[in-house]
file upload01.cif (mmCIF, C-alpha atoms and all ligand atoms)
data_coords
loop_
_atom_site.label_atom_id
_atom_site.label_comp_id
_atom_site.auth_asym_id
_atom_site.auth_seq_id
_atom_site.Cartn_x
_atom_site.Cartn_y
_atom_site.Cartn_z
CA MET E 1474 117.02 82.98 124.20
CA PRO E 1475 114.75 81.77 121.41
CA SER E 1476 112.55 84.48 119.99
CA ILE E 1477 108.80 84.08 119.71
CA TYR E 1478 109.30 83.28 116.04
CA ASN E 1479 111.89 80.61 116.88
CA LYS E 1480 109.55 79.02 119.36
CA LEU E 1481 106.81 78.89 116.76
CA GLY E 1482 109.14 77.64 114.06
CA VAL E 1483 108.55 80.71 111.90
CA THR E 1484 111.38 82.07 109.73
CA THR E 1485 112.30 85.75 110.00
CA VAL E 1486 112.87 87.56 106.72
CA ILE E 1487 115.21 90.39 105.68
CA ASN E 1488 112.98 92.94 103.98
CA ALA E 1489 114.66 94.32 100.86
CA ALA E 1490 111.28 94.57 99.12
CA ASP E 1491 108.83 97.12 100.55
CA SER E 1492 106.27 97.61 103.33
CA TYR E 1493 104.49 94.43 102.30
CA THR E 1494 101.67 93.20 104.51
CA MET E 1495 102.57 89.60 103.67
CA ILE E 1496 105.80 89.89 105.68
CA GLY E 1497 104.49 92.13 108.42
CA GLY E 1498 104.42 95.62 106.90
CA SER E 1499 107.17 97.39 108.81
CA LEU E 1500 109.03 97.21 112.12
CA MET E 1501 107.91 99.36 115.04
CA PRO E 1502 110.55 101.54 116.72
CA ALA E 1503 110.82 101.60 120.54
CA GLU E 1504 108.80 104.84 120.78
CA VAL E 1505 105.87 102.97 119.25
CA THR E 1506 106.12 99.72 121.22
CA ASP E 1507 106.62 101.70 124.46
CA ALA E 1508 103.45 103.68 123.79
CA MET E 1509 101.54 100.47 123.09
CA ALA E 1510 102.78 98.79 126.27
CA GLU E 1511 101.85 101.86 128.30
CA ALA E 1512 98.39 102.02 126.74
CA SER E 1513 97.85 98.35 127.56
CA ARG E 1514 97.99 98.99 131.32
CA HIS E 1515 94.86 101.14 131.75
CA PHE E 1516 91.22 101.18 130.82
CA VAL E 1517 90.04 104.29 129.01
CA SER E 1518 86.96 105.37 127.11
CA LEU E 1519 87.68 104.13 123.60
CA GLU E 1520 85.49 106.89 122.19
CA GLN E 1521 87.39 109.59 124.06
CA LEU E 1522 90.70 108.05 123.02
CA HIS E 1523 89.60 108.01 119.37
CA LEU E 1524 88.56 111.67 119.55
CA LYS E 1525 91.66 112.96 121.34
CA ALA E 1526 94.07 110.85 119.27
CA GLY E 1527 92.30 112.01 116.11
CA GLU E 1528 92.75 115.63 117.20
CA ARG E 1529 96.44 115.02 117.88
CA ILE E 1530 96.95 113.37 114.49
CA ALA E 1531 95.14 116.24 112.76
CA ARG E 1532 97.49 118.72 114.44
CA LEU E 1533 100.61 116.67 113.69
CA THR E 1534 99.64 116.31 110.04
CA ARG E 1535 98.39 119.91 109.63
CA ASN E 1536 94.84 118.84 108.83
CA GLU E 1537 91.41 119.97 109.96
CA ALA E 1538 90.48 116.56 111.37
CA ALA E 1539 91.54 112.92 111.45
CA VAL E 1540 90.12 109.52 112.34
CA ILE E 1541 91.90 106.24 113.09
CA THR E 1542 91.18 102.93 111.38
CA SER E 1543 92.66 99.44 111.44
CA GLY E 1544 94.61 100.07 108.23
CA ALA E 1545 94.34 101.83 104.90
CA ALA E 1546 92.06 99.11 103.50
CA ALA E 1547 89.71 99.59 106.47
CA ALA E 1548 89.95 103.32 105.83
CA LEU E 1549 88.65 102.74 102.29
CA THR E 1550 85.63 100.94 103.76
CA VAL E 1551 85.06 103.59 106.44
CA ALA E 1552 85.47 106.51 104.03
CA THR E 1553 83.12 104.91 101.48
CA ALA E 1554 80.47 104.14 104.11
CA ALA E 1555 80.78 107.68 105.52
CA CYS E 1556 80.30 109.21 102.07
CA MET E 1557 77.28 106.96 101.49
CA THR E 1558 75.42 107.98 104.66
CA GLY E 1559 76.95 111.30 105.66
CA ALA E 1560 76.87 112.07 109.38
CA ASP E 1561 73.52 110.31 109.82
CA GLU E 1562 73.79 108.14 112.92
CA ALA E 1563 70.62 106.15 112.22
CA LYS E 1564 71.72 105.30 108.68
CA ALA E 1565 75.19 104.34 109.88
CA ARG E 1566 73.64 101.73 112.20
CA GLN E 1567 71.46 100.25 109.50
CA TRP E 1568 72.91 98.00 106.83
CA PRO E 1569 72.37 97.11 104.05
CA LEU E 1570 71.13 100.52 103.08
CA HIS E 1571 67.76 101.29 101.56
CA ASP E 1572 67.24 102.33 97.99
CA GLY E 1573 67.90 105.99 97.51
CA THR E 1574 71.14 105.97 99.44
CA LYS E 1575 74.16 107.18 97.54
CA ASN E 1576 75.65 103.87 96.54
CA GLU E 1577 78.06 104.58 93.69
CA VAL E 1578 81.78 105.21 93.87
CA VAL E 1579 83.50 106.67 90.83
CA ILE E 1580 86.98 105.39 90.07
CA HIS E 1581 89.33 105.55 87.09
CA ARG E 1582 89.45 102.20 85.34
CA CYS E 1583 93.24 102.46 85.17
CA GLN E 1584 93.37 102.92 88.96
CA CYS E 1585 91.36 99.81 89.85
CA ASN E 1586 93.39 97.49 92.04
CA GLY E 1587 92.98 94.67 94.55
CA PHE E 1588 91.88 97.06 97.29
CA ASP E 1589 88.62 97.71 95.43
CA ILE E 1590 87.01 95.01 97.55
CA ALA E 1591 87.37 97.25 100.60
CA ILE E 1592 85.16 99.76 98.77
CA ARG E 1593 82.70 97.22 97.40
CA GLN E 1594 82.12 95.46 100.70
CA THR E 1595 79.99 98.42 101.77
CA GLY E 1596 77.60 97.40 99.02
CA ALA E 1597 78.67 100.33 96.86
CA THR E 1598 79.01 99.81 93.13
CA LEU E 1599 82.12 100.96 91.31
CA VAL E 1600 81.46 103.24 88.37
CA GLU E 1601 84.59 103.00 86.24
CA ILE E 1602 85.59 105.83 83.96
CA GLY E 1603 88.06 106.01 81.07
CA ASP E 1604 90.72 103.46 80.21
CA SER E 1605 94.50 103.20 80.14
CA GLY E 1606 94.51 105.31 76.98
CA GLY E 1607 92.87 108.24 78.73
CA THR E 1608 89.88 109.62 80.57
CA THR E 1609 87.94 112.71 79.54
CA VAL E 1610 86.36 115.40 81.68
CA ALA E 1611 83.04 114.51 80.03
CA GLU E 1612 83.37 110.90 81.21
CA LEU E 1613 83.83 112.06 84.79
CA GLU E 1614 80.95 114.51 84.54
CA ALA E 1615 78.65 111.84 83.14
CA ALA E 1616 79.53 109.46 85.97
CA LEU E 1617 78.69 111.96 88.72
CA GLY E 1618 75.02 111.86 89.67
CA ASP E 1619 72.56 111.80 92.56
CA SER E 1620 73.72 108.33 93.57
CA THR E 1621 77.43 109.20 93.69
CA ALA E 1622 78.84 108.80 97.20
CA CYS E 1623 82.39 109.86 96.33
CA VAL E 1624 85.25 109.66 93.86
CA ILE E 1625 88.24 107.58 94.99
CA TYR E 1626 91.64 108.47 93.54
CA PHE E 1627 95.02 106.73 93.72
CA ASP E 1628 97.83 109.19 93.24
CA THR E 1629 100.81 107.11 92.16
CA PRO E 1630 102.79 107.28 88.89
CA GLN E 1631 101.72 103.82 87.72
CA TYR E 1632 98.08 104.85 88.15
CA ALA E 1633 98.51 108.27 86.52
CA LYS E 1634 98.59 106.99 82.95
CA GLY E 1635 95.13 107.37 81.55
CA ALA E 1636 93.73 109.28 84.53
CA LEU E 1637 92.60 112.87 84.90
CA SER E 1638 94.82 114.92 87.20
CA LEU E 1639 93.82 115.07 90.86
CA GLU E 1640 93.23 118.83 90.50
CA GLU E 1641 90.82 118.30 87.65
CA VAL E 1642 88.95 115.56 89.54
CA ILE E 1643 88.65 117.78 92.63
CA ARG E 1644 87.45 120.75 90.59
CA ILE E 1645 84.78 118.88 88.66
CA SER E 1646 83.57 116.79 91.60
CA GLY E 1647 83.48 119.90 93.78
CA LEU E 1648 81.10 121.58 91.33
CA LYS E 1649 78.67 118.72 91.92
CA GLY E 1650 79.27 118.58 95.67
CA VAL E 1651 80.84 115.11 95.48
CA PRO E 1652 83.73 114.46 97.90
CA VAL E 1653 87.08 113.20 96.61
CA VAL E 1654 88.91 110.54 98.62
CA VAL E 1655 92.64 110.00 97.94
CA ASP E 1656 94.17 106.65 98.85
CA ALA E 1657 97.76 107.64 99.68
CA ALA E 1658 98.40 104.54 101.82
CA ALA E 1659 102.09 104.23 101.00
CA GLN E 1660 102.82 107.73 99.65
CA LEU E 1661 105.56 108.68 102.14
CA PRO E 1662 108.16 110.19 102.02
CA PRO E 1663 107.98 113.11 101.50
CA VAL E 1664 106.46 113.87 104.91
CA SER E 1665 104.64 116.82 103.31
CA ASN E 1666 102.27 114.38 101.62
CA LEU E 1667 100.53 114.16 105.01
CA TRP E 1668 99.09 117.63 104.31
CA HIS E 1669 99.82 118.08 100.59
CA TYR E 1670 96.70 116.27 99.28
CA THR E 1671 94.30 118.09 101.57
CA GLU E 1672 95.97 121.38 100.65
CA ARG E 1673 95.28 120.52 97.03
CA GLY E 1674 91.61 120.17 97.93
CA ALA E 1675 91.03 116.47 98.59
CA ASP E 1676 88.19 115.94 101.10
CA LEU E 1677 89.55 112.77 102.69
CA VAL E 1678 93.05 111.27 102.44
CA ILE E 1679 93.96 107.77 103.55
CA PHE E 1680 97.30 106.63 104.98
CA SER E 1681 98.53 103.29 106.23
CA GLY E 1682 99.99 103.29 109.76
CA GLY E 1683 102.04 100.15 109.26
CA LYS E 1684 104.06 101.10 106.19
CA THR E 1685 106.59 103.96 106.03
CA LEU E 1686 105.26 105.39 109.30
CA ARG E 1687 106.29 102.20 111.15
CA GLY E 1688 103.25 102.21 113.39
CA PRO E 1689 101.27 99.07 114.27
CA GLN E 1690 100.65 96.89 111.22
CA SER E 1691 96.90 97.00 111.86
CA SER E 1692 96.58 100.76 111.94
CA GLY E 1693 95.78 103.50 109.49
CA PHE E 1694 94.02 106.85 109.43
CA ILE E 1695 92.04 109.31 107.38
CA VAL E 1696 92.73 113.04 107.40
CA GLY E 1697 90.57 115.73 105.88
CA LYS E 1698 87.61 118.02 106.28
CA GLU E 1699 85.77 117.96 109.59
CA ARG E 1700 82.35 117.39 108.05
CA TYR E 1701 83.47 114.19 106.33
CA ILE E 1702 85.64 113.00 109.22
CA ALA E 1703 82.61 113.48 111.50
CA ALA E 1704 80.77 110.96 109.32
CA CYS E 1705 83.75 108.57 109.45
CA ARG E 1706 83.69 108.75 113.28
CA LEU E 1707 80.29 107.04 113.29
CA TYR E 1708 82.03 103.94 111.95
CA VAL E 1709 84.97 103.61 114.35
CA GLY E 1710 85.09 102.63 117.99
CA ALA E 1711 82.90 100.25 119.95
CA ARG E 1712 79.50 100.92 118.38
CA ASN E 1713 78.13 98.41 115.95
CA SER E 1714 78.44 99.33 112.31
CA ILE E 1715 79.66 97.78 109.10
CA ALA E 1716 83.20 98.63 110.25
CA ARG E 1717 82.89 97.12 113.75
CA PRO E 1718 84.88 94.03 112.60
CA MET E 1719 87.71 96.46 111.77
CA LYS E 1720 88.04 97.89 115.27
CA VAL E 1721 91.31 99.39 116.47
CA GLY E 1722 92.56 98.62 119.97
CA LYS E 1723 93.72 101.27 122.42
CA GLU E 1724 97.27 99.93 122.00
CA GLU E 1725 97.22 100.44 118.22
CA ILE E 1726 95.76 103.92 118.64
CA ALA E 1727 98.54 104.87 121.07
CA GLY E 1728 101.16 103.26 118.83
CA LEU E 1729 99.91 105.05 115.75
CA VAL E 1730 99.99 108.46 117.44
CA ALA E 1731 103.54 107.77 118.62
CA ALA E 1732 104.58 106.63 115.13
CA ILE E 1733 103.19 109.76 113.46
CA GLU E 1734 104.73 112.00 116.11
CA ARG E 1735 108.09 110.30 115.55
CA TYR E 1736 107.82 110.46 111.78
CA VAL E 1737 106.96 114.14 111.47
CA ASN E 1738 109.84 114.99 113.83
CA LEU E 1739 112.41 112.76 112.08
CA ASP E 1740 115.52 114.26 110.55
CA HIS E 1741 114.33 113.56 107.01
CA ALA E 1742 117.56 114.80 105.43
CA ALA E 1743 119.53 112.31 107.53
CA MET E 1744 117.05 109.58 106.60
CA LYS E 1745 117.56 110.39 102.94
CA GLU E 1746 121.33 110.16 103.36
CA GLN E 1747 120.92 106.79 105.04
CA HIS E 1748 118.86 105.49 102.13
CA GLU E 1749 121.45 106.79 99.65
CA ARG E 1750 124.25 105.18 101.66
CA LEU E 1751 122.49 101.81 101.70
CA VAL E 1752 121.75 102.00 97.98
CA GLY E 1753 125.35 103.02 97.25
CA ARG E 1754 126.73 100.17 99.36
CA LEU E 1755 124.41 97.60 97.76
CA CYS E 1756 125.30 98.78 94.22
CA ALA E 1757 129.04 98.72 94.94
CA GLY E 1758 128.93 95.28 96.60
CA LEU E 1759 126.70 93.73 93.95
CA ASN E 1760 128.72 95.13 91.04
CA GLN E 1761 131.92 93.90 92.64
CA ALA E 1762 130.35 90.44 92.77
CA GLY E 1763 129.69 90.65 89.02
CA TRP E 1764 126.06 91.76 88.94
CA ASN E 1765 124.80 94.80 87.04
CA ALA E 1766 123.25 97.00 89.73
CA GLU E 1767 122.43 100.68 89.62
CA ARG E 1768 120.62 103.34 91.62
CA ALA E 1769 117.04 103.98 90.55
CA TYR E 1770 114.61 106.74 91.56
CA PRO E 1771 111.87 107.28 92.73
CA GLY E 1772 110.52 104.60 95.09
CA PRO E 1773 108.12 101.90 93.88
CA THR E 1774 105.00 104.10 93.91
CA GLY E 1775 106.78 107.40 93.29
CA GLN E 1776 108.00 108.07 96.83
CA ASP E 1777 111.01 110.27 97.47
CA TYR E 1778 113.69 107.64 98.04
CA PRO E 1779 116.09 105.63 95.85
CA LEU E 1780 116.15 101.92 95.05
CA VAL E 1781 118.64 99.46 93.59
CA HIS E 1782 117.78 97.96 90.21
CA LEU E 1783 119.72 94.79 89.52
CA LYS E 1784 119.40 94.13 85.81
CA LEU E 1785 119.50 90.60 84.46
CA ASP E 1786 120.25 90.63 80.75
CA ARG E 1787 118.96 87.15 80.48
CA GLN E 1788 115.87 85.29 79.44
CA ALA E 1789 112.60 85.87 81.21
CA GLY E 1790 112.01 83.94 84.39
CA VAL E 1791 115.51 84.28 85.84
CA ALA E 1792 114.50 87.19 88.08
CA GLU E 1793 111.66 85.12 89.54
CA GLN E 1794 113.99 82.15 90.13
CA LEU E 1795 116.58 84.35 91.75
CA SER E 1796 114.07 85.98 94.07
CA LYS E 1797 112.80 82.54 95.07
CA GLN E 1798 116.35 81.42 95.85
CA LEU E 1799 116.80 84.46 98.05
CA LEU E 1800 113.55 83.89 99.91
CA ASP E 1801 114.15 80.16 100.40
CA GLY E 1802 117.79 80.59 101.46
CA THR E 1803 119.46 81.42 104.76
CA PRO E 1804 119.01 84.17 105.70
CA SER E 1805 115.66 84.48 103.98
CA ILE E 1806 115.63 87.68 101.90
CA LEU E 1807 112.57 89.15 100.21
CA VAL E 1808 113.21 91.32 97.15
CA ALA E 1809 110.81 92.81 94.62
CA LEU E 1810 111.01 92.42 90.85
CA MET E 1811 111.69 95.36 88.56
CA PRO E 1812 108.46 96.52 86.87
CA ASP E 1813 109.49 94.76 83.62
CA LYS E 1814 110.42 91.61 85.59
CA ARG E 1815 113.86 91.64 83.94
CA GLY E 1816 115.65 92.22 87.20
CA LEU E 1817 115.37 92.69 90.94
CA ALA E 1818 114.44 95.85 92.83
CA LEU E 1819 116.04 96.23 96.25
CA ASN E 1820 114.44 98.73 98.62
CA PRO E 1821 116.41 100.45 101.42
CA LEU E 1822 113.34 101.54 103.41
CA HIS E 1823 113.40 98.66 105.90
CA LEU E 1824 117.08 97.65 105.73
CA ASN E 1825 120.00 98.30 108.04
CA GLU E 1826 123.68 98.17 107.15
CA ALA E 1827 124.29 94.67 108.54
CA GLU E 1828 121.41 93.34 106.45
CA ALA E 1829 122.78 95.07 103.35
CA GLU E 1830 126.06 93.19 103.91
CA GLN E 1831 124.16 89.91 104.29
CA ILE E 1832 122.42 90.58 100.99
CA VAL E 1833 125.74 91.30 99.23
CA THR E 1834 127.28 88.10 100.65
CA ARG E 1835 124.33 85.96 99.62
CA MET E 1836 124.14 87.52 96.17
CA SER E 1837 127.87 86.93 95.64
CA VAL E 1838 127.33 83.22 96.28
CA LEU E 1839 124.36 83.17 93.92
CA TYR E 1840 126.40 84.91 91.21
CA GLY E 1841 129.14 82.31 91.40
CA TRP E 1842 126.58 79.59 91.19
CA LEU E 1843 124.71 81.14 88.27
CA SER E 1844 128.00 81.57 86.36
CA GLN E 1845 128.82 77.91 86.84
CA GLN E 1846 125.77 76.80 84.92
CA ALA E 1847 127.85 75.06 82.26
CA ASP E 1848 125.12 74.94 79.66
CA GLY E 1849 124.51 78.65 79.99
CA SER E 1850 120.81 77.96 80.18
CA ASP E 1851 120.33 80.50 82.95
CA ARG E 1852 118.47 78.02 85.06
CA LEU E 1853 119.14 78.57 88.71
CA VAL E 1854 118.21 75.09 89.83
C1 LIG E 1901 98.96 99.10 101.31
C2 LIG E 1901 97.83 99.76 100.64
C3 LIG E 1901 96.54 99.66 101.16
C4 LIG E 1901 96.21 98.84 102.38
O1 LIG E 1901 96.88 99.29 103.52
P1 LIG E 1901 96.73 98.52 104.91
O2 LIG E 1901 97.17 99.54 105.91
O3 LIG E 1901 97.63 97.34 104.83
O4 LIG E 1901 95.30 98.14 105.07
C5 LIG E 1901 95.53 100.34 100.52
N1 LIG E 1901 95.77 101.06 99.40
C6 LIG E 1901 96.99 101.17 98.86
C7 LIG E 1901 97.20 102.00 97.62
C8 LIG E 1901 98.07 100.52 99.46
O5 LIG E 1901 99.30 100.63 98.93
#

call {"tool": "encode", "arguments": {"input": "upload01.cif", "output": "structure tokens"}}
result
Amino acid sequence: MPSIYNKLGVTTVINAADSYTMIGGSLMPAEVTDAMAEASRHFVSLEQLHLKAGERIARLTRNEAAVITSGAAAALTVATAACMTGADEAKARQWPLHDGTKNEVVIHRCQCNGFDIAIRQTGATLVEIGDSGGTTVAELEAALGDSTACVIYFDTPQYAKGALSLEEVIRISGLKGVPVVVDAAAQLPPVSNLWHYTERGADLVIFSGGKTLRGPQSSGFIVGKERYIAACRLYVGARNSIARPMKVGKEEIAGLVAAIERYVNLDHAAMKEQHERLVGRLCAGLNQAGWNAERAYPGPTGQDYPLVHLKLDRQAGVAEQLSKQLLDGTPSILVALMPDKRGLALNPLHLNEAEAEQIVTRMSVLYGWLSQQADGSDRLV
């Protein structure tokens, strides 16, 4: 029977890259799709569902409170808006905000990324501190003022260079009563990150539902202190607010709860073994085919899982050509590039064993082909 994608003429892709939105984030397990189907059969009060599901997520993730959003990017918008107005219902309904509202968000310059727009669309201005060479405590202190809504922090190794430590940011911001929001969208595993950041003192912490958690692609959530989550609640659900275009359906809410429940109860040691097995199999198969592949650690943004790095000791551009060949071929395979772009990074997070074999087979063909380039120019086509 042709799948929905077949009928539409859309190609399915083997995901050896990461939980990338551009190919659908992640795949939902049966527990999640079952919960969504069940939720789709009854009307409920969306507000009550939000509240009760938030309570459940808070318990599952060992946090004081939680609120559900349509993704981590939406969570950045909701958290920013909530920090701008506080739990002031009238202000939350009124936008753009009047002068005198806290309208500045402090961020390390070295942590600025494409998701900044989710912060700026509230109307908030980014106040950037430091540079890739470093950031001083004095720079943070100078940036914190009466107009500061919050500090937003990205805790990944590639964003750490040049930034103050999270502890330092929390300490200094806390002295001025400014909340610290951590965007930890993809920072799983370890599962303990679900409570680790709040234990360290972060006020709000953002996670994506559709990445490692394998919930609905358009889901995410914020955990943290009740007083800030209470402000976030004014922006979710059916009532009109700046975040009304980012509403979450009852099906996504049910699916997200099921995904988190599944994830916290997973056998994480067994999962780790599975990742190691996949990485080991890929390395062995690829090296046998002639490639130079080795296990790398940690995951792309510092997560606790291994990767395969396939090194290409060749001129620049070959890795890009190779990844394009993989994506355009049959089956279509998406891989990431190594940070220096001198090789491919293969991620086990969303792979099964059969797919790993398909990757080895396809890469063996590509190796033979690359070696046959008589002029040795490394061009792949
Ligand atoms: C993926 C990601 C987001 C966006 O997550 P969505 O759930 O797709 O909206 C935001 N911030 C960071 C750091 C991310 O990695």

call {"tool": "residues_around", "arguments": {"input": "upload01.cif", "residues": "range 1588-1602 of chain E", "least_positions_apart": "4", "cutoff": "8 Å", "atoms": "all atoms listed in the file", "output": "compact mmCIF listing (two decimals) with C-alpha atoms, in the frame of the given file"}}
result
# COMPACT_ATOMS: atom_id res chain seq x y z
CA ALA E 1546 92.06 99.11 103.50
CA ALA E 1547 89.71 99.59 106.47
CA LEU E 1549 88.65 102.74 102.29
CA THR E 1550 85.63 100.94 103.76
CA THR E 1553 83.12 104.91 101.48
CA ALA E 1554 80.47 104.14 104.11
CA PRO E 1569 72.37 97.11 104.05
CA ASN E 1576 75.65 103.87 96.54
CA GLU E 1577 78.06 104.58 93.69
CA VAL E 1578 81.78 105.21 93.87
CA VAL E 1579 83.50 106.67 90.83
CA ILE E 1580 86.98 105.39 90.07
CA HIS E 1581 89.33 105.55 87.09
CA ARG E 1582 89.45 102.20 85.34
CA THR E 1608 89.88 109.62 80.57
CA GLU E 1612 83.37 110.90 81.21
CA LEU E 1613 83.83 112.06 84.79
CA ALA E 1616 79.53 109.46 85.97
CA ILE E 1715 79.66 97.78 109.10

call {"tool": "residues_around", "arguments": {"input": "upload01.cif", "residues": "Ala1789 in chain E", "least_positions_apart": "2", "cutoff": "8 Å", "atoms": "all atoms listed in the file", "output": "CSV table (one decimal) with C-alpha atoms, in the frame of the given file"}}
result
chain,number,residue,atom,x,y,z
E,1787,ARG,CA,119.0,87.2,80.5
E,1791,VAL,CA,115.5,84.3,85.8
E,1792,ALA,CA,114.5,87.2,88.1
E,1814,LYS,CA,110.4,91.6,85.6
E,1815,ARG,CA,113.9,91.6,83.9

call {"tool": "residues_around", "arguments": {"input": "upload01.cif", "residues": "Ile1679 in chain E", "least_positions_apart": "2", "cutoff": "12 Å", "atoms": "all atoms listed in the file", "output": "count of residues only"}}
result
46

call {"tool": "closest_residue", "arguments": {"input": "upload01.cif", "among": "E:Leu1822, E:Leu1843, E:Val1752, E:Ala1757", "to": "Pro1773 in chain E", "atoms": "all atoms listed in the file"}}
result
E:Leu1822

call {"tool": "closest_residue", "arguments": {"input": "upload01.cif", "among": "E:Arg1768, E:Lys1723, E:Arg1750, E:Lys1525", "to": "Glu1511 in chain E", "atoms": "all atoms listed in the file"}}
result
E:Lys1723

call {"tool": "axis_aligned_box", "arguments": {"input": "upload01.cif", "around": "ligand LIG 1901 (chain E)", "padding_each_side": "5 Å", "output": "JSON"}}
result
{"center_x": 97.3, "center_y": 99.7, "center_z": 101.8, "size_x": 14.0, "size_y": 14.7, "size_z": 18.3}

call {"tool": "atom_distance", "arguments": {"input": "upload01.cif", "atom1": "CA of Tyr1493 in chain E", "atom2": "CA of Leu1839 in chain E"}}
result
24.3 Å
